[in-house]
Number of protein chains: 2
Amino acid sequence: MSEGCVSSRPRPRDRIAGAARDLFHKHGIRGIGVDAIAEAAGTNKMTLYRHFGSKDDLIIQCLRDVALEAEAWWAEIESEHPGDPLAQLHAWVRGGAEFVFDDERGCDLANAAVELAETNHPARRVIEEIKTEHRNRLAKLCAKVGIAQADLLADTLSLLLEGARVSRQSVGVEGPSAKFVRMCEAVIASFQNPNLCAF
Amino acid sequence: MSEGCVSSRPRPRDRIAGAARDLFHKHGIRGIGVDAIAEAAGTNKMTLYRHFGSKDDLIIQCLRDVALEAEAWWAEIESEHPGDPLAQLHAWVRGGAEFVFDDERGCDLANAAVELAETNHPARRVIEEIKTEHRNRLAKLCAKVGIAQADLLADTLSLLLEGARVSRQSVGVEGPSAKFVRMCEAVIASFQNPNLCAF
DNA sequence: CCGGGTTGATACAGATCGGTAACATCGAAG
DNA sequence: CTTCGATGTTACCGATCTGTATCAACCCGG
């Protein structure tokens with residue numbers, strides 16, 4: 001297999017997937033056509049359809065790539081604070097804040113669920129699967145921290161992040177999302193004091 | 001003006017606006033066409049375009065109608081617990097839970113912001129305006145309750161609701177959204193005890 | 001050099017979309 | 001009854017969309 005060439009142009013398939021992710025993210029799934037994706041990838045529609053049988057297939061591939069990137073993010077968090085779950089949890093908050101503030105278009109998975117309203121759309125299973133895994137991972141981290149109600153803390157943080165990313169699209173960065181970090185830290189601190197915790 | 005007839009069929013304009021809200025909500029703004037809206041309203045596309053100059057105009061009208069319904073919701077909350085801000089706040093939480101659990105498609109305003117990705121789309125100004133007013137209203141209520149950090153509590157509750165409604169679309173009702181009420185109540189209780197409050 | 005898989009280019013099909021023109025019809029007010 | 005505005009009907013335009021067919025060019029291993 002062509003493993004030797006390193007600095008060359010990626011193969012059409014990867015260029016297409018990359019361009020699709022970028023354009024889906026910027027304009028929304030229904031806001032961009034396969035023609036524009038192929039052109040942005042420096043190829044044409046025919047090649048796109050030779051690698052991905054349909055636009056839906058391409059969408060699903062992009063969502064899976066999002067999941068891969070999220071896994072890399074988790075790995076980065078763990079490698080930066082090895083054996084220190086609490087530091088990892090705070091790194092999760094800081095990383096989430098970067099998502100909120102450095103990107104005005106929110107979460108691709110959540111956006112896709114909004115755009116693909118049909119409950120039978122094949123992408124919906126993928127979205128739910130990825131989001132659920134993300135949730136479980138956060139809950140496991142909270143448990144490692146020693147939080148008594150780890151699942152509840154994980155779900156609270158999940159909703160805060162999800163809400164911050166979607167609120168930023170409607171109200172802007174100056175809206176409720178601005179205080180995302182502060183809220184998360186307070187919630188974590190609250191869960192760490194079981195005696196005083198109101199949850 | 002025709003104020004007398006009460007039990008008759010609404011005029012085409014209102015039927016169109018109602019059908020549009022329903023179909024936009026179910027299928028998304030980009031997922032439904034003006035033809036289908038006109039047909040669902042028991043009229044035709046020509047009449048639609050005589051009342052609303054464009055699909056964008058119709059979208060904006062629907063968003064404004066959403067705002068009207070939200071105002072009615074606020075009025076209901078206040079009328080059910082007159083002079084009791086804390087009860088009103090708890091009623092807000094229960095009402096928000098109804099939005100989360102009784103409707104699988106989330107907030108029309110947030111969804112529209114996701115679907116209309118172009119930052120210059122005329123609907124975006126409307127969305128931001130309505131969401132901001134909603135936020136201010138909740139903050140004012142928190143202040144009336146006597147919360148010290150009223151704005152922060154309002155923003156936290158806002159993010160929890162926004163997150164719960166969007167998370168429900170990706171992960172389902174069994175996901176993090178399931179504990180929405182519990183989270184809100186705990187956050188409120190936490191803010192009511194300034195000494196113990198971690199926020 | 002040769003042969004086969006990959007890619008590029010172009011044209012097209014079929015459907016749907018937002019939006020408009022033209023004309024028939026109806027209903028109520030005068 | 002007549003008149004006029006609101007509505008219904010039909011056909012259409014141009015653009016865009018997903019997806020395909022066809023054929024030429026290319027690159028790389030043998």
# chains A, B, ... in the order shown; residues from 1 in each chain; ligands from 1
>>> residues_around(residues="DG5 in chain D", least_positions_apart="3", cutoff="12 Å", atoms="only C-alpha atoms (C1' of nucleotides)", output="ChimeraX atom specification")
/C:26-29
>>> interface_residues(of="chain A", to="chain C", cutoff="8 Å", atoms="only C-alpha atoms (C1' of nucleotides)", output="PyMOL selection string")
chain A and resi 43-44+47
>>> write_last_selection(atoms="N, CA and C atoms", output="PDB file, in the first residue's frame")
ATOM      1  N   THR A  43     -11.770  18.269  -6.658  1.00  0.00           N
ATOM      2  CA  THR A  43     -12.109  17.144  -7.529  1.00  0.00           C
ATOM      3  C   THR A  43     -13.510  17.384  -8.084  1.00  0.00           C
ATOM      4  N   ASN A  44     -14.169  16.352  -8.488  1.00  0.00           N
ATOM      5  CA  ASN A  44     -15.499  16.536  -9.077  1.00  0.00           C
ATOM      6  C   ASN A  44     -16.501  15.561  -8.480  1.00  0.00           C
ATOM      7  N   THR A  47     -16.162  11.610  -8.790  1.00  0.00           N
ATOM      8  CA  THR A  47     -15.228  10.943  -7.871  1.00  0.00           C
ATOM      9  C   THR A  47     -15.827  10.852  -6.471  1.00  0.00           C
TER      10      THR A  47
END
>>> residues_around(residues="Ala67 in chain A", least_positions_apart="6", cutoff="10 Å", atoms="only C-alpha atoms (C1' of nucleotides)", output="PyMOL selection string")
chain A and resi 61+73+109+126-127+129-131+133-134
>>> write_last_selection(atoms="C-alpha atoms", output="mmCIF file, in the first residue's frame")
data_model
loop_
_atom_site.group_PDB
_atom_site.id
_atom_site.type_symbol
_atom_site.label_atom_id
_atom_site.label_comp_id
_atom_site.auth_asym_id
_atom_site.auth_seq_id
_atom_site.Cartn_x
_atom_site.Cartn_y
_atom_site.Cartn_z
ATOM 1 C CA GLN A 61 -18.600 9.468 7.481
ATOM 2 C CA TRP A 73 -9.372 15.225 22.475
ATOM 3 C CA LEU A 109 -23.557 16.202 15.937
ATOM 4 C CA VAL A 126 -24.763 7.358 14.669
ATOM 5 C CA ILE A 127 -25.348 10.642 16.459
ATOM 6 C CA GLU A 129 -24.315 6.366 19.624
ATOM 7 C CA ILE A 130 -21.487 8.902 19.671
ATOM 8 C CA LYS A 131 -23.193 11.241 22.111
ATOM 9 C CA GLU A 133 -20.406 7.200 24.423
ATOM 10 C CA HIS A 134 -19.217 10.717 25.163
#
>>> atom_distance(atom1="CA of Arg165 in chain B", atom2="CA of Gly106 in chain B")
4.9 Å
>>> atom_distance(atom1="CA of Asp102 in chain B", atom2="CA of Leu63 in chain B")
19.8 Å
>>> interface_residues(of="chain A", to="chain D", cutoff="10 Å", atoms="only C-alpha atoms (C1' of nucleotides)", output="list in words")
Ile32, Gly33, Val34, Asp35, Lys45, Met46, Tyr49, Gly53, Ser54 and Lys55 of chain A
